[in-house]
Every structure is written in structure tokens, then in C-alpha cells.
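Quick notes on the structure that follows.
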Amino acid sequence: MDKINIGFIGAGNMGFAIMKGISASSLNDGIQLFAYDPNTEQVNRLAEYGVTACASEQEIMENCKYVFLAVKPQIIEGVLETVAPFTTADTVFVSIAAGITAEFIAKKTIADAKVVLVMPNTPLLLGEGASALSRNDMVSEEEFDVVLNIFRVCGKAAVIPKDKMKEIIAVNGSSPAFIYLYAKGFIDYAETVGIDSDAAKELFAQSLIGSAKMITDSGYSIDELIKMVSSPGGTTLAGLDRLYEGNLTDTVKNCCESCTNRAYELSK
């Protein structure tokens, strides 16, 4: 059976993570990976994963049906203008650029361009990614399944409506940074009271992992889980009271709205 050729334009952290995930999975036997990046060092580090280095975007387009646009939103317009002459009705673009729409990609390449939009996150580097995907009407079920399976081997993947791809960024794409900042508060506190930061980091990280499993696997709602930890008159309620006073959930909502607003700005 012939291998599916998949090319990456951009071999930074996210592109690297996806290619690494594919090479370490059962999908690797049926896929040949190609990559181009102006920074040749980025591509050279992929040699051990069986990725073929390409000298240009054109070489990617000429060799690959599936083309991952693993570049920053700020430079994707130039990349699309470069690949437009080599785009065919068979090309499937897979964009991980935040805020960029399928309509924008079609406008810059061909009118009936096949586009899959993906919002992944950096835990892909450890095979623990959380990726949201959507497709335009030009992409077939079979083509979409190829892309969906790639992100499933790199972690968890969910299909969402294409008109919610900007809103989902705060939930899974940017949220690791928000979680890290939250974690920093706990670890910094531990240091101020004389607890070793490494011990605090290990314990808090495991608390995050365990709490996440409780959310996904316990069958309890978020409110029920909070109540399970909160004994009347106890330490947890004392801490929760301060978080409620600080309107933590409103702050999170404002954070997400700012993230989404920026995604819309990037799409213009």
C-alpha cells in the first residue's frame, strides 16, 4: 500500500511535536513526512524521525497531498501567496495558525481549497495534546479522518463547529499558559513558607493530573467535585472564600474573552 505524503511548512515547536507524534505511532508505517523551514536547523533535528527535508515550499506542495501550515498567524499570508501557484484541487491544507479562517486560506490560494483548521496545544510535545478540529465542505470524510487520526495519536482530539475555532483557543490552545501561571502562584507560595520548590512542584503537578482525571473519569460535575473537597468550616472553604472574593471565575472569563478578541483581530 502506498504511503500518504504529509508535508509541514514550518518545523517549530508545534510542527515538531506533531511530526514526532506521528513517527512514534502506528500511523508511521503508512505515512511519509516532509518538512520545510527557512531555519534549516529546525528541519535537521527531524532527521532521526524519518522526516525528509525539503528546500522550499514548492517542494512540499509538489510532493504532498496534505500540507500542514505550521506557521505563525502573522506570516501565513506570505506563505499562502508562495504556495498558491502550486495548490491543486487535491491539496488538503491543515492550518494550526490561530485565528486564520478557511475562507482566508481559500482567498489566498484557490477558491475551492480544502481546509482543515486545528487548534492544538504544546502538550503535544509529550503526546498529551488537546486538539480541536473543524473542516470546510470541500474536505471529504476520508480526508478529514486522516488528519483527525494524526491528532488522536498525539493526545485527545475533538471536532467542533468551524465557526467556533476562535472561541476554542482560550479553552485548549492558550489555556496551558494560564494553567502554568496559576501553578506558579502555588509554587511561589510554597517557597515563601519554607517548602522546597521541587517538592511543591511535584505535588501540585500531580494534584493537577489527579484533578483532571477526576473531571474526566469520576462522573461527578465540577460543582460536586468542589464540594467533595470542601468540609464545612475547613481549610478548603477558607481558601475558596478568598477565590470567590477575587471573582476568579469572572477573571477567567475575561481572560478567555480577551484571547478570543485577539483571535478575531488576527483573522482580519
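In the C-alpha cells, chains take the letters A, B, ... in the order shown, each chain's residues start at 1, and ligands count up from 1 in the order shown.
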Exercise for the section: Looking only at helix (DSSP H, G or I) from DSSP on the backbone, list the matching residues of stretch 88-257 of chain A as a PyMOL selection string. Expected result: chain A and resi 102-108+122-126+141-152+162-164+169-173+175-192+197-217+222-229+235-245+248-257
Practice task
May I have the residues within 10 Å of A:Cys154 as a ChimeraX atom specification, using only C-alpha atoms and disregarding those fewer than 5 positions away in the same chain?
Solution key: /A:17-22,24-25,120,123-131,149
Exercise for the section: Skip stretch 99-110 of chain A itself and residues of its chain fewer than 6 positions away, then list as a PyMOL selection string all residues within 10 Å of it, counting only C-alpha atoms. Expected result: chain A and resi 72-74+76-89+93+116-117+119+134-136+162-163+165-167+169+260-268
Practice task
Return the single residue from A:Ser221, A:Gln206, A:Ser211, A:Asn172 that is closest to A:Ala132, with distances computed using only C-alpha atoms.
Solution key: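 Distance minimum relative to A:Ala132 lands on A:Asn172.
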